[in-house]
Each structure stands twice: as structure tokens, then as C-alpha cells.
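Peer 1: What follows is query_18.cif; its format and atoms are mmCIF, C-alpha atoms, pLDDT in the B column; chains and numbers go by the auth columns.
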```cif
data_query
#
loop_
_atom_site.group_PDB
_atom_site.id
_atom_site.type_symbol
_atom_site.label_atom_id
_atom_site.label_comp_id
_atom_site.label_asym_id
_atom_site.label_seq_id
_atom_site.Cartn_x
_atom_site.Cartn_y
_atom_site.Cartn_z
_atom_site.B_iso_or_equiv
_atom_site.auth_seq_id
_atom_site.auth_asym_id
ATOM 1 C CA MET A 1 0.000 0.000 0.000 44.00 1439 K
ATOM 2 C CA GLU A 2 1.301 3.449 -0.911 54.00 1440 K
ATOM 3 C CA TYR A 3 0.820 6.558 1.227 60.00 1441 K
ATOM 4 C CA GLU A 4 1.152 9.918 -0.515 63.00 1442 K
ATOM 5 C CA ASP A 5 1.358 13.549 0.543 65.00 1443 K
ATOM 6 C CA ASP A 6 0.025 15.166 -2.654 71.00 1444 K
ATOM 7 C CA LEU A 7 -3.324 13.407 -3.107 81.00 1445 K
ATOM 8 C CA PRO A 8 -6.310 15.610 -4.058 85.00 1446 K
ATOM 9 C CA ASP A 9 -9.548 15.612 -2.081 87.00 1447 K
ATOM 10 C CA LEU A 10 -11.682 12.877 -3.670 88.00 1448 K
ATOM 11 C CA ASN A 11 -14.601 12.975 -1.202 87.00 1449 K
ATOM 12 C CA HIS A 12 -16.978 14.198 -3.929 90.00 1450 K
ATOM 13 C CA TRP A 13 -16.694 10.742 -5.537 90.00 1451 K
ATOM 14 C CA LYS A 14 -17.926 8.860 -2.457 86.00 1452 K
ATOM 15 C CA GLN A 15 -21.575 8.866 -3.525 86.00 1453 K
ATOM 16 C CA VAL A 16 -20.879 7.687 -7.081 90.00 1454 K
ATOM 17 C CA MET A 17 -22.028 4.076 -7.459 91.00 1455 K
ATOM 18 C CA GLU A 18 -20.765 3.410 -11.015 93.00 1456 K
ATOM 19 C CA PHE A 19 -17.546 4.278 -12.821 93.00 1457 K
ATOM 20 C CA THR A 20 -15.967 3.721 -16.187 95.00 1458 K
ATOM 21 C CA VAL A 21 -12.887 1.505 -15.981 96.00 1459 K
ATOM 22 C CA GLU A 22 -10.801 4.592 -16.757 96.00 1460 K
ATOM 23 C CA GLN A 23 -12.327 6.609 -13.907 95.00 1461 K
ATOM 24 C CA ALA A 24 -11.849 3.722 -11.473 95.00 1462 K
ATOM 25 C CA ALA A 25 -8.185 3.338 -12.463 95.00 1463 K
ATOM 26 C CA LEU A 26 -7.509 7.057 -12.015 95.00 1464 K
ATOM 27 C CA LEU A 27 -9.216 7.127 -8.616 93.00 1465 K
ATOM 28 C CA LEU A 28 -7.224 4.124 -7.379 93.00 1466 K
ATOM 29 C CA ALA A 29 -4.077 6.020 -8.332 92.00 1467 K
ATOM 30 C CA GLY A 30 -5.227 9.111 -6.442 91.00 1468 K
ATOM 31 C CA ILE A 31 -5.952 11.160 -9.570 93.00 1469 K
ATOM 32 C CA ASP A 32 -9.242 13.063 -9.822 93.00 1470 K
ATOM 33 C CA PRO A 33 -10.997 12.207 -13.138 94.00 1471 K
ATOM 34 C CA PHE A 34 -12.523 15.697 -13.039 93.00 1472 K
ATOM 35 C CA ASP A 35 -9.025 17.190 -13.312 92.00 1473 K
ATOM 36 C CA ILE A 36 -7.775 14.973 -16.125 90.00 1474 K
ATOM 37 C CA GLU A 37 -9.718 13.756 -19.167 83.00 1475 K
ATOM 38 C CA SER A 38 -8.192 10.321 -19.623 92.00 1476 K
ATOM 39 C CA LEU A 39 -5.347 7.937 -18.879 94.00 1477 K
ATOM 40 C CA GLU A 40 -3.673 9.136 -22.056 93.00 1478 K
ATOM 41 C CA LYS A 41 -3.785 12.757 -20.844 93.00 1479 K
ATOM 42 C CA ALA A 42 -2.359 11.729 -17.466 93.00 1480 K
ATOM 43 C CA LYS A 43 0.555 10.116 -19.288 93.00 1481 K
ATOM 44 C CA GLU A 44 1.081 13.121 -21.590 93.00 1482 K
ATOM 45 C CA ARG A 45 1.183 15.512 -18.625 92.00 1483 K
ATOM 46 C CA GLY A 46 3.461 13.211 -16.655 92.00 1484 K
ATOM 47 C CA LEU A 47 1.216 13.273 -13.601 90.00 1485 K
ATOM 48 C CA PRO A 48 2.442 11.507 -10.450 89.00 1486 K
ATOM 49 C CA ARG A 49 1.274 7.872 -10.412 91.00 1487 K
ATOM 50 C CA TRP A 50 0.142 7.863 -14.071 93.00 1488 K
ATOM 51 C CA LYS A 51 1.864 4.499 -14.491 94.00 1489 K
ATOM 52 C CA GLN A 52 -0.029 3.184 -11.490 93.00 1490 K
ATOM 53 C CA ALA A 53 -3.307 4.344 -13.079 94.00 1491 K
ATOM 54 C CA TRP A 54 -2.496 2.536 -16.333 95.00 1492 K
ATOM 55 C CA ALA A 55 -1.579 -0.625 -14.409 95.00 1493 K
ATOM 56 C CA HIS A 56 -4.883 -0.474 -12.517 95.00 1494 K
ATOM 57 C CA SER A 57 -6.708 -0.117 -15.840 95.00 1495 K
ATOM 58 C CA LEU A 58 -5.050 -3.239 -17.252 95.00 1496 K
ATOM 59 C CA ALA A 59 -5.747 -5.150 -14.024 95.00 1497 K
ATOM 60 C CA ILE A 60 -9.451 -4.211 -14.031 95.00 1498 K
ATOM 61 C CA VAL A 61 -9.821 -5.269 -17.674 95.00 1499 K
ATOM 62 C CA SER A 62 -8.132 -8.562 -16.804 94.00 1500 K
ATOM 63 C CA ALA A 63 -10.529 -9.056 -13.878 94.00 1501 K
ATOM 64 C CA ILE A 64 -13.477 -8.426 -16.216 94.00 1502 K
ATOM 65 C CA ARG A 65 -12.120 -10.954 -18.711 92.00 1503 K
ATOM 66 C CA GLN A 66 -11.847 -13.574 -15.956 90.00 1504 K
ATOM 67 C CA GLY A 67 -15.321 -12.906 -14.576 90.00 1505 K
ATOM 68 C CA VAL A 68 -14.038 -11.507 -11.266 90.00 1506 K
ATOM 69 C CA ILE A 69 -15.670 -8.144 -12.001 92.00 1507 K
ATOM 70 C CA SER A 70 -19.048 -8.189 -13.761 90.00 1508 K
ATOM 71 C CA PRO A 71 -19.458 -4.975 -15.780 92.00 1509 K
ATOM 72 C CA VAL A 72 -22.786 -3.169 -15.983 92.00 1510 K
ATOM 73 C CA VAL A 73 -21.978 -2.234 -19.571 92.00 1511 K
ATOM 74 C CA CYS A 74 -19.143 -3.741 -21.604 94.00 1512 K
ATOM 75 C CA ARG A 75 -18.159 -1.993 -24.803 93.00 1513 K
ATOM 76 C CA ALA A 76 -15.419 -2.183 -27.406 91.00 1514 K
ATOM 77 C CA TYR A 77 -13.967 0.883 -29.120 81.00 1515 K
ATOM 78 C CA ILE A 78 -13.556 0.021 -32.796 80.00 1516 K
ATOM 79 C CA PHE A 79 -13.054 1.850 -36.061 72.00 1517 K
ATOM 80 C CA GLU A 80 -16.140 1.709 -38.291 71.00 1518 K
ATOM 81 C CA GLU A 81 -15.873 2.550 -41.955 70.00 1519 K
ATOM 82 C CA ASN A 82 -18.674 2.611 -44.534 66.00 1520 K
ATOM 83 C CA SER A 83 -19.895 4.745 -47.402 61.00 1521 K
ATOM 84 C CA GLN A 84 -21.523 7.324 -45.142 62.00 1522 K
ATOM 85 C CA TRP A 85 -19.296 7.563 -42.087 57.00 1523 K
ATOM 86 C CA SER A 86 -15.824 6.659 -40.896 56.00 1524 K
ATOM 87 C CA GLY A 87 -14.569 6.960 -37.331 64.00 1525 K
ATOM 88 C CA TRP A 88 -14.377 5.425 -33.885 67.00 1526 K
ATOM 89 C CA GLU A 89 -17.481 3.966 -32.289 77.00 1527 K
ATOM 90 C CA ALA A 90 -18.218 2.160 -29.006 82.00 1528 K
ATOM 91 C CA VAL A 91 -20.145 -1.060 -29.588 88.00 1529 K
ATOM 92 C CA ALA A 92 -21.547 -3.622 -27.150 90.00 1530 K
ATOM 93 C CA MET A 93 -19.471 -6.760 -26.576 91.00 1531 K
ATOM 94 C CA LYS A 94 -19.239 -9.790 -24.315 91.00 1532 K
ATOM 95 C CA PRO A 95 -16.331 -9.722 -21.827 90.00 1533 K
ATOM 96 C CA SER A 96 -15.374 -13.215 -23.008 87.00 1534 K
ATOM 97 C CA ASP A 97 -14.972 -12.087 -26.633 89.00 1535 K
ATOM 98 C CA ARG A 98 -11.204 -12.111 -27.142 87.00 1536 K
ATOM 99 C CA ASP A 99 -11.509 -10.783 -30.686 88.00 1537 K
ATOM 100 C CA MET A 100 -12.479 -7.336 -29.367 89.00 1538 K
ATOM 101 C CA GLU A 101 -10.650 -4.963 -27.041 90.00 1539 K
ATOM 102 C CA ILE A 102 -12.551 -3.719 -23.987 93.00 1540 K
ATOM 103 C CA SER A 103 -12.927 0.061 -24.007 92.00 1541 K
ATOM 104 C CA THR A 104 -11.802 1.493 -20.668 93.00 1542 K
ATOM 105 C CA SER A 105 -13.602 4.777 -21.358 92.00 1543 K
ATOM 106 C CA HIS A 106 -16.983 3.183 -22.164 93.00 1544 K
ATOM 107 C CA THR A 107 -17.136 0.018 -20.027 94.00 1545 K
ATOM 108 C CA ILE A 108 -18.922 0.639 -16.712 95.00 1546 K
ATOM 109 C CA ILE A 109 -18.460 -1.195 -13.395 94.00 1547 K
ATOM 110 C CA THR A 110 -20.138 -0.779 -9.997 92.00 1548 K
ATOM 111 C CA ARG A 111 -18.517 0.560 -6.845 90.00 1549 K
ATOM 112 C CA ALA A 112 -19.463 -2.686 -5.055 88.00 1550 K
ATOM 113 C CA SER A 113 -17.733 -4.947 -7.585 90.00 1551 K
ATOM 114 C CA LEU A 114 -14.664 -2.688 -7.616 91.00 1552 K
ATOM 115 C CA ALA A 115 -14.447 -2.641 -3.811 88.00 1553 K
ATOM 116 C CA ASN A 116 -14.835 -6.405 -3.639 88.00 1554 K
ATOM 117 C CA TRP A 117 -12.028 -6.888 -6.176 91.00 1555 K
ATOM 118 C CA VAL A 118 -9.734 -4.506 -4.290 89.00 1556 K
ATOM 119 C CA SER A 119 -10.417 -6.348 -1.021 86.00 1557 K
ATOM 120 C CA THR A 120 -10.233 -9.894 -2.400 87.00 1558 K
ATOM 121 C CA GLU A 121 -7.105 -9.361 -4.491 88.00 1559 K
ATOM 122 C CA ARG A 122 -5.498 -7.018 -1.927 88.00 1560 K
ATOM 123 C CA VAL A 123 -4.970 -4.371 -4.578 89.00 1561 K
ATOM 124 C CA GLN A 124 -2.542 -1.654 -3.526 87.00 1562 K
ATOM 125 C CA PHE A 125 -3.823 1.854 -4.167 86.00 1563 K
ATOM 126 C CA ALA A 126 -2.814 5.400 -3.320 83.00 1564 K
ATOM 127 C CA ARG A 127 -3.904 6.680 0.089 78.00 1565 K
ATOM 128 C CA PRO A 128 -3.236 9.944 1.921 74.00 1566 K
ATOM 129 C CA ARG A 129 -0.567 9.711 4.583 66.00 1567 K
ATOM 130 C CA SER A 130 -3.157 10.782 7.171 61.00 1568 K
ATOM 131 C CA SER A 131 -4.761 7.341 6.804 54.00 1569 K
ATOM 132 C CA VAL A 132 -1.682 5.473 8.080 50.00 1570 K
ATOM 133 C CA PRO A 133 -2.827 3.284 11.030 53.00 1571 K
ATOM 134 C CA ARG A 134 -1.950 4.719 14.441 51.00 1572 K
ATOM 135 C CA VAL A 135 0.754 2.802 16.300 50.00 1573 K
ATOM 136 C CA ILE A 136 0.138 2.560 20.020 50.00 1574 K
ATOM 137 C CA ALA A 137 2.730 1.343 22.492 52.00 1575 K
ATOM 138 C CA PRO A 138 1.056 -0.576 25.358 57.00 1576 K
ATOM 139 C CA PRO A 139 1.842 0.308 28.996 57.00 1577 K
ATOM 140 C CA ARG A 140 5.183 -1.009 30.210 59.00 1578 K
ATOM 141 C CA GLN A 141 4.809 -4.041 32.433 58.00 1579 K
ATOM 142 C CA GLN A 142 7.292 -5.599 34.800 55.00 1580 K
ATOM 143 C CA SER A 143 6.665 -9.114 33.498 55.00 1581 K
ATOM 144 C CA LYS A 144 7.134 -8.049 29.896 55.00 1582 K
ATOM 145 C CA PRO A 145 10.288 -5.963 29.495 53.00 1583 K
ATOM 146 C CA LYS A 146 9.784 -5.832 25.682 55.00 1584 K
ATOM 147 C CA PRO A 147 6.096 -5.190 25.034 56.00 1585 K
ATOM 148 C CA SER A 148 4.964 -5.748 21.446 53.00 1586 K
ATOM 149 C CA THR A 149 3.591 -2.935 19.301 53.00 1587 K
ATOM 150 C CA ILE A 150 -0.168 -2.815 18.732 50.00 1588 K
ATOM 151 C CA ILE A 151 -1.449 -1.554 15.369 50.00 1589 K
ATOM 152 C CA GLU A 152 -5.051 -0.444 15.146 50.00 1590 K
ATOM 153 C CA THR A 153 -6.656 -1.950 12.056 46.00 1591 K
ATOM 154 C CA LYS A 154 -10.202 -2.351 10.894 47.00 1592 K
ATOM 155 C CA VAL A 155 -11.090 -5.890 9.930 41.00 1593 K
ATOM 156 C CA GLU A 156 -13.793 -6.061 7.281 43.00 1594 K
ATOM 157 C CA PRO A 157 -16.125 -9.054 7.789 41.00 1595 K
ATOM 158 C CA LEU A 158 -16.489 -11.566 4.997 41.00 1596 K
ATOM 159 C CA THR A 159 -19.711 -11.423 3.009 45.00 1597 K
ATOM 160 C CA LEU A 160 -20.437 -15.010 4.050 49.00 1598 K
ATOM 161 C CA PRO A 161 -18.571 -17.225 6.526 49.00 1599 K
ATOM 162 C CA TYR A 162 -16.358 -19.838 4.951 47.00 1600 K
ATOM 163 C CA HIS A 163 -16.064 -23.289 6.496 49.00 1601 K
ATOM 164 C CA GLY A 164 -14.347 -25.152 3.684 54.00 1602 K
ATOM 165 C CA HIS A 165 -17.477 -25.960 1.675 58.00 1603 K
ATOM 166 C CA ARG A 166 -18.289 -24.519 -1.738 65.00 1604 K
ATOM 167 C CA SER A 167 -21.191 -25.013 -4.138 74.00 1605 K
ATOM 168 C CA GLU A 168 -22.709 -23.306 -7.175 78.00 1606 K
ATOM 169 C CA GLY A 169 -25.581 -22.101 -5.016 81.00 1607 K
ATOM 170 C CA LEU A 170 -23.244 -20.368 -2.554 82.00 1608 K
ATOM 171 C CA GLU A 171 -21.373 -18.735 -5.417 83.00 1609 K
ATOM 172 C CA TYR A 172 -24.631 -17.364 -6.847 86.00 1610 K
ATOM 173 C CA VAL A 173 -25.620 -16.073 -3.385 87.00 1611 K
ATOM 174 C CA GLU A 174 -22.267 -14.305 -2.870 84.00 1612 K
ATOM 175 C CA ASP A 175 -22.294 -12.872 -6.384 85.00 1613 K
ATOM 176 C CA ALA A 176 -25.834 -11.505 -5.985 88.00 1614 K
ATOM 177 C CA ILE A 177 -24.927 -9.923 -2.636 88.00 1615 K
ATOM 178 C CA LYS A 178 -21.888 -8.161 -4.128 84.00 1616 K
ATOM 179 C CA GLN A 179 -23.551 -7.014 -7.336 87.00 1617 K
ATOM 180 C CA LEU A 180 -27.143 -6.275 -6.295 89.00 1618 K
ATOM 181 C CA TRP A 181 -27.582 -6.072 -2.507 88.00 1619 K
ATOM 182 C CA SER A 182 -24.392 -4.314 -1.367 83.00 1620 K
ATOM 183 C CA THR A 183 -25.995 -0.853 -1.687 83.00 1621 K
ATOM 184 C CA TYR A 184 -29.308 -1.844 -0.048 85.00 1622 K
ATOM 185 C CA ASP A 185 -30.372 0.402 2.848 84.00 1623 K
ATOM 186 C CA GLN A 186 -32.854 -1.340 5.163 84.00 1624 K
ATOM 187 C CA ASP A 187 -34.310 2.051 6.087 83.00 1625 K
ATOM 188 C CA ASP A 188 -35.071 2.766 2.423 85.00 1626 K
ATOM 189 C CA PRO A 189 -36.859 -0.181 0.724 86.00 1627 K
ATOM 190 C CA SER A 190 -36.600 1.554 -2.659 87.00 1628 K
ATOM 191 C CA THR A 191 -32.850 0.774 -2.709 87.00 1629 K
ATOM 192 C CA ALA A 192 -33.514 -2.983 -2.864 89.00 1630 K
ATOM 193 C CA PRO A 193 -33.253 -4.708 -6.258 90.00 1631 K
ATOM 194 C CA THR A 194 -36.535 -6.038 -7.583 91.00 1632 K
ATOM 195 C CA GLN A 195 -37.249 -9.746 -7.830 90.00 1633 K
ATOM 196 C CA GLU A 196 -37.169 -9.468 -11.622 91.00 1634 K
ATOM 197 C CA GLU A 197 -33.732 -7.796 -11.534 90.00 1635 K
ATOM 198 C CA VAL A 198 -32.258 -10.473 -9.270 91.00 1636 K
ATOM 199 C CA ILE A 199 -33.648 -13.393 -11.245 92.00 1637 K
ATOM 200 C CA ARG A 200 -32.678 -11.874 -14.596 92.00 1638 K
ATOM 201 C CA TYR A 201 -29.109 -11.247 -13.358 90.00 1639 K
ATOM 202 C CA LEU A 202 -28.722 -14.801 -12.021 90.00 1640 K
ATOM 203 C CA ARG A 203 -30.145 -16.359 -15.188 90.00 1641 K
ATOM 204 C CA GLU A 204 -27.664 -14.339 -17.236 88.00 1642 K
ATOM 205 C CA LYS A 205 -24.884 -15.713 -15.005 87.00 1643 K
ATOM 206 C CA GLY A 206 -25.988 -19.268 -15.816 87.00 1644 K
ATOM 207 C CA ALA A 207 -28.326 -20.145 -12.926 87.00 1645 K
ATOM 208 C CA GLY A 208 -31.378 -22.288 -13.673 89.00 1646 K
ATOM 209 C CA ALA A 209 -34.889 -20.973 -13.060 89.00 1647 K
ATOM 210 C CA ASN A 210 -35.310 -22.865 -9.767 90.00 1648 K
ATOM 211 C CA MET A 211 -31.856 -21.840 -8.541 89.00 1649 K
ATOM 212 C CA ALA A 212 -32.502 -18.155 -9.380 90.00 1650 K
ATOM 213 C CA ASP A 213 -35.849 -18.244 -7.537 91.00 1651 K
ATOM 214 C CA ALA A 214 -34.240 -19.905 -4.503 90.00 1652 K
ATOM 215 C CA VAL A 215 -31.352 -17.418 -4.293 89.00 1653 K
ATOM 216 C CA ASN A 216 -33.762 -14.485 -4.625 90.00 1654 K
ATOM 217 C CA LEU A 217 -35.913 -15.909 -1.806 90.00 1655 K
ATOM 218 C CA ILE A 218 -32.893 -16.452 0.463 89.00 1656 K
ATOM 219 C CA LEU A 219 -31.557 -12.919 0.024 89.00 1657 K
ATOM 220 C CA ARG A 220 -34.837 -11.005 0.087 89.00 1658 K
ATOM 221 C CA PRO A 221 -36.014 -9.786 3.540 88.00 1659 K
ATOM 222 C CA ALA A 222 -39.507 -11.007 4.454 85.00 1660 K
ATOM 223 C CA ASN A 223 -40.998 -7.512 4.303 85.00 1661 K
ATOM 224 C CA LEU A 224 -39.819 -7.128 0.698 85.00 1662 K
ATOM 225 C CA ARG A 225 -41.164 -10.405 -0.629 78.00 1663 K
ATOM 226 C CA ARG A 226 -43.962 -10.078 -3.155 64.00 1664 K
ATOM 227 C CA GLY A 227 -47.341 -10.042 -1.466 45.00 1665 K
ATOM 228 C CA GLY A 228 -45.935 -10.168 2.067 39.00 1666 K
ATOM 229 C CA ARG A 229 -47.577 -12.461 4.594 39.00 1667 K
ATOM 230 C CA LYS A 230 -51.016 -13.765 3.775 42.00 1668 K
ATOM 231 C CA VAL A 231 -53.708 -12.990 6.296 43.00 1669 K
ATOM 232 C CA LYS A 232 -55.945 -15.928 7.195 45.00 1670 K
ATOM 233 C CA LYS A 233 -59.638 -15.215 6.747 49.00 1671 K
ATOM 234 C CA VAL A 234 -61.724 -15.784 9.836 51.00 1672 K
ATOM 235 C CA PRO A 235 -65.060 -17.523 9.031 55.00 1673 K
ATOM 236 C CA THR A 236 -68.104 -15.472 9.916 51.00 1674 K
#
```
Write the structure described by the file as C-alpha cells, please.
Peer 2:
Amino acid sequence: MEYEDDLPDLNHWKQVMEFTVEQAALLLAGIDPFDIESLEKAKERGLPRWKQAWAHSLAIVSAIRQGVISPVVCRAYIFEENSQWSGWEAVAMKPSDRDMEISTSHTIITRASLANWVSTERVQFARPRSSVPRVIAPPRQQSKPKPSTIIETKVEPLTLPYHGHRSEGLEYVEDAIKQLWSTYDQDDPSTAPTQEEVIRYLREKGAGANMADAVNLILRPANLRRGGRKVKKVPT
């Protein structure tokens, strides 16, 4: 992990839930996308950490290719030429299509999938020096002439506990949590993904109809299930 003294204030990006690959790469390198148009411009101007930004861009594209990051929109930037128009155009593509190059300026990923990738792969990114963990020396004790140093760290809990067992169902559950439920606010039901969105996403990932229905039911709080609880009619 790198700690820097010259990082700009990036707090205005905290509420943004989706980024282009290019924006995400710049932010991980501590470069404000509002101050620089593209990775190419960062290189031309010789900005600090421009190489780090390019490396992050390549790593994110690689993660998309391998299915580690699921893009919201995946596009290729290709040159189209016909009788009426010639120029560059962004066209839809499948991440698995190796015959096309993923466009970093047009492919969009979510904050949740980016954060999960950074955490899982332990990606090093630029941080202000003020975020260096505080080192606290414990009180000196007679029985311990050389007390060990304590470092305050925040341990992020795993999405699901792991006990050595894996299955396709668990993978679908974890994937749906990361991609669809990570931004859900229990105080605001409107932030929850709809049943149709969850099932459609899982089916696109390869889940069968029964599996998609089961995963949706497992993840959806009771108060958000369609129809809610049925009230028994009392005979009159």
C-alpha cells in the first residue's frame, strides 16, 4: 500500500455508485478524473502515479475478462468505416470475446464490484498519509520488558462465513450480494433490487430458473417479498 502527501480531495466521488474503468483506475491512483480527461492525458502531462493508473486499468480489464468483475456495460472501441461515415465507435461486446478490445472509457463497473475486487485481491492503491494506522505502544509491564507494538486496524467481515465448503448455489448467493444487494439500505426499501432484476441477473450468469428463484428468496427480507404475509380469513 502506498501513502502519498500530494493526493487531491476525492470525497466528492464517495456517492458515485458506477464508474468507467478509466475513472476507477484514475481514482485508485489518487488522480481526480474531473481534473484529467483520460489515462492518455495523465501520461502526456506526466502526472504523479500515471503508471499506477495505467496498471490499474489493465488489471481491471483482466478481472473483467476472468469474470471476477461483472461490468454493468461492456463496450469495445472500434473503427467503423462505410460509405456514409468513418470513425471510432463504441459497440456492445461480451467480456469473453477475445476478438475485441474492452474500451476502458466506455465500459462501466459498480462501486461494489470494484471494492470487492480490491479487497479480495489485496490491490494496492494510493492513500493519503493521514490514513496510516496509528501505532500505540502498550503500557510497560514488569513481566514483559519488551512489550509488542499494537497496530489499530479495521477488519472487514467476509460477506459469508467460509467453512471449507463450496457449491454453485453459494457462489450465486455471494455474487448476488456483491452485485445487487451491497448498496441496499434497510431504512429505504426503494434501494432494494426487484425480484425481476435479481432473477434476470442470475439467469444471465448461468443459474437455472429454480436456482434463481431460490437465491432471490434467500436474500430477500420477508418484508420485501412479493405479497408479504397472507392474512388468514376468519369464518363469519
Peer 1: For the file shown, report as a PDB file with C-alpha atoms, keeping the file's coordinate frame the outcome of the PyMOL selection byres ((chain K and resi 1647-1656) around 12) at residue level.
Peer 2:
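Okay, result21.pdb is ready:
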```pdb
ATOM      1  CA  SER K1605     -21.191 -25.013  -4.138  1.00 74.00           C
ATOM      2  CA  GLU K1606     -22.709 -23.306  -7.175  1.00 78.00           C
ATOM      3  CA  GLY K1607     -25.581 -22.101  -5.016  1.00 81.00           C
ATOM      4  CA  LEU K1608     -23.244 -20.368  -2.554  1.00 82.00           C
ATOM      5  CA  GLU K1609     -21.373 -18.735  -5.417  1.00 83.00           C
ATOM      6  CA  TYR K1610     -24.631 -17.364  -6.847  1.00 86.00           C
ATOM      7  CA  VAL K1611     -25.620 -16.073  -3.385  1.00 87.00           C
ATOM      8  CA  GLU K1612     -22.267 -14.305  -2.870  1.00 84.00           C
ATOM      9  CA  ASP K1613     -22.294 -12.872  -6.384  1.00 85.00           C
ATOM     10  CA  ALA K1614     -25.834 -11.505  -5.985  1.00 88.00           C
ATOM     11  CA  ILE K1615     -24.927  -9.923  -2.636  1.00 88.00           C
ATOM     12  CA  LEU K1618     -27.143  -6.275  -6.295  1.00 89.00           C
ATOM     13  CA  TRP K1619     -27.582  -6.072  -2.507  1.00 88.00           C
ATOM     14  CA  ALA K1630     -33.514  -2.983  -2.864  1.00 89.00           C
ATOM     15  CA  PRO K1631     -33.253  -4.708  -6.258  1.00 90.00           C
ATOM     16  CA  THR K1632     -36.535  -6.038  -7.583  1.00 91.00           C
ATOM     17  CA  GLN K1633     -37.249  -9.746  -7.830  1.00 90.00           C
ATOM     18  CA  GLU K1634     -37.169  -9.468 -11.622  1.00 91.00           C
ATOM     19  CA  GLU K1635     -33.732  -7.796 -11.534  1.00 90.00           C
ATOM     20  CA  VAL K1636     -32.258 -10.473  -9.270  1.00 91.00           C
ATOM     21  CA  ILE K1637     -33.648 -13.393 -11.245  1.00 92.00           C
ATOM     22  CA  ARG K1638     -32.678 -11.874 -14.596  1.00 92.00           C
ATOM     23  CA  TYR K1639     -29.109 -11.247 -13.358  1.00 90.00           C
ATOM     24  CA  LEU K1640     -28.722 -14.801 -12.021  1.00 90.00           C
ATOM     25  CA  ARG K1641     -30.145 -16.359 -15.188  1.00 90.00           C
ATOM     26  CA  GLU K1642     -27.664 -14.339 -17.236  1.00 88.00           C
ATOM     27  CA  LYS K1643     -24.884 -15.713 -15.005  1.00 87.00           C
ATOM     28  CA  GLY K1644     -25.988 -19.268 -15.816  1.00 87.00           C
ATOM     29  CA  ALA K1645     -28.326 -20.145 -12.926  1.00 87.00           C
ATOM     30  CA  GLY K1646     -31.378 -22.288 -13.673  1.00 89.00           C
ATOM     31  CA  LEU K1657     -31.557 -12.919   0.024  1.00 89.00           C
ATOM     32  CA  ARG K1658     -34.837 -11.005   0.087  1.00 89.00           C
ATOM     33  CA  PRO K1659     -36.014  -9.786   3.540  1.00 88.00           C
ATOM     34  CA  ALA K1660     -39.507 -11.007   4.454  1.00 85.00           C
ATOM     35  CA  ASN K1661     -40.998  -7.512   4.303  1.00 85.00           C
ATOM     36  CA  LEU K1662     -39.819  -7.128   0.698  1.00 85.00           C
ATOM     37  CA  ARG K1663     -41.164 -10.405  -0.629  1.00 78.00           C
ATOM     38  CA  ARG K1664     -43.962 -10.078  -3.155  1.00 64.00           C
TER      39      ARG K1664
END
```
Peer 1: Which neighbours of region 1538-1547 of chain K fall inside 10 Å, counting all atoms listed in the file, when residues of the same chain fewer than 2 positions from it are skipped, and could you give them as a ChimeraX atom specification?
Peer 2: /K:1455-1463,1476-1477,1495-1496,1498-1500,1502-1503,1507-1516,1528-1536,1549-1552,1617
Peer 1: Atoms to include: C-alpha atoms. Write the selected residues as a PDB file, in the frame of the given file.
Peer 2:
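The result, written out as result-v2.pdb:
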```pdb
ATOM      1  CA  MET K1455     -22.028   4.076  -7.459  1.00 91.00           C
ATOM      2  CA  GLU K1456     -20.765   3.410 -11.015  1.00 93.00           C
ATOM      3  CA  PHE K1457     -17.546   4.278 -12.821  1.00 93.00           C
ATOM      4  CA  THR K1458     -15.967   3.721 -16.187  1.00 95.00           C
ATOM      5  CA  VAL K1459     -12.887   1.505 -15.981  1.00 96.00           C
ATOM      6  CA  GLU K1460     -10.801   4.592 -16.757  1.00 96.00           C
ATOM      7  CA  GLN K1461     -12.327   6.609 -13.907  1.00 95.00           C
ATOM      8  CA  ALA K1462     -11.849   3.722 -11.473  1.00 95.00           C
ATOM      9  CA  ALA K1463      -8.185   3.338 -12.463  1.00 95.00           C
ATOM     10  CA  SER K1476      -8.192  10.321 -19.623  1.00 92.00           C
ATOM     11  CA  LEU K1477      -5.347   7.937 -18.879  1.00 94.00           C
ATOM     12  CA  SER K1495      -6.708  -0.117 -15.840  1.00 95.00           C
ATOM     13  CA  LEU K1496      -5.050  -3.239 -17.252  1.00 95.00           C
ATOM     14  CA  ILE K1498      -9.451  -4.211 -14.031  1.00 95.00           C
ATOM     15  CA  VAL K1499      -9.821  -5.269 -17.674  1.00 95.00           C
ATOM     16  CA  SER K1500      -8.132  -8.562 -16.804  1.00 94.00           C
ATOM     17  CA  ILE K1502     -13.477  -8.426 -16.216  1.00 94.00           C
ATOM     18  CA  ARG K1503     -12.120 -10.954 -18.711  1.00 92.00           C
ATOM     19  CA  ILE K1507     -15.670  -8.144 -12.001  1.00 92.00           C
ATOM     20  CA  SER K1508     -19.048  -8.189 -13.761  1.00 90.00           C
ATOM     21  CA  PRO K1509     -19.458  -4.975 -15.780  1.00 92.00           C
ATOM     22  CA  VAL K1510     -22.786  -3.169 -15.983  1.00 92.00           C
ATOM     23  CA  VAL K1511     -21.978  -2.234 -19.571  1.00 92.00           C
ATOM     24  CA  CYS K1512     -19.143  -3.741 -21.604  1.00 94.00           C
ATOM     25  CA  ARG K1513     -18.159  -1.993 -24.803  1.00 93.00           C
ATOM     26  CA  ALA K1514     -15.419  -2.183 -27.406  1.00 91.00           C
ATOM     27  CA  TYR K1515     -13.967   0.883 -29.120  1.00 81.00           C
ATOM     28  CA  ILE K1516     -13.556   0.021 -32.796  1.00 80.00           C
ATOM     29  CA  ALA K1528     -18.218   2.160 -29.006  1.00 82.00           C
ATOM     30  CA  VAL K1529     -20.145  -1.060 -29.588  1.00 88.00           C
ATOM     31  CA  ALA K1530     -21.547  -3.622 -27.150  1.00 90.00           C
ATOM     32  CA  MET K1531     -19.471  -6.760 -26.576  1.00 91.00           C
ATOM     33  CA  LYS K1532     -19.239  -9.790 -24.315  1.00 91.00           C
ATOM     34  CA  PRO K1533     -16.331  -9.722 -21.827  1.00 90.00           C
ATOM     35  CA  SER K1534     -15.374 -13.215 -23.008  1.00 87.00           C
ATOM     36  CA  ASP K1535     -14.972 -12.087 -26.633  1.00 89.00           C
ATOM     37  CA  ARG K1536     -11.204 -12.111 -27.142  1.00 87.00           C
ATOM     38  CA  ARG K1549     -18.517   0.560  -6.845  1.00 90.00           C
ATOM     39  CA  ALA K1550     -19.463  -2.686  -5.055  1.00 88.00           C
ATOM     40  CA  SER K1551     -17.733  -4.947  -7.585  1.00 90.00           C
ATOM     41  CA  LEU K1552     -14.664  -2.688  -7.616  1.00 91.00           C
ATOM     42  CA  GLN K1617     -23.551  -7.014  -7.336  1.00 87.00           C
TER      43      GLN K1617
END
```
Peer 1: So for region 1476-1483 of chain K, what box centre and size do we get, axis-aligned, 8 Å extra on each of the six sides, every listed atom, Å to one decimal, as lines of an AutoDock Vina configuration file?
Peer 2:
```
center_x = -3.5
center_y = 11.7
center_z = -19.8
size_x = 25.4
size_y = 23.6
size_z = 20.6
```
Peer 1: So, counting all atoms listed in the file, which residue among K:Ala1491, K:Val1454, K:Val1506, K:Leu1448 is closest to Phe1472 (chain K)?
Peer 2: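 Looking at the shortest contact to Phe1472 (chain K), the residue is K:Leu1448.
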Peer 1: Work out how far CA of Leu1464 (chain K) is from CA of Trp1555 (chain K), in Å to one decimal.
Peer 2: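 Distance reported for this atom pair: 15.8 Å.
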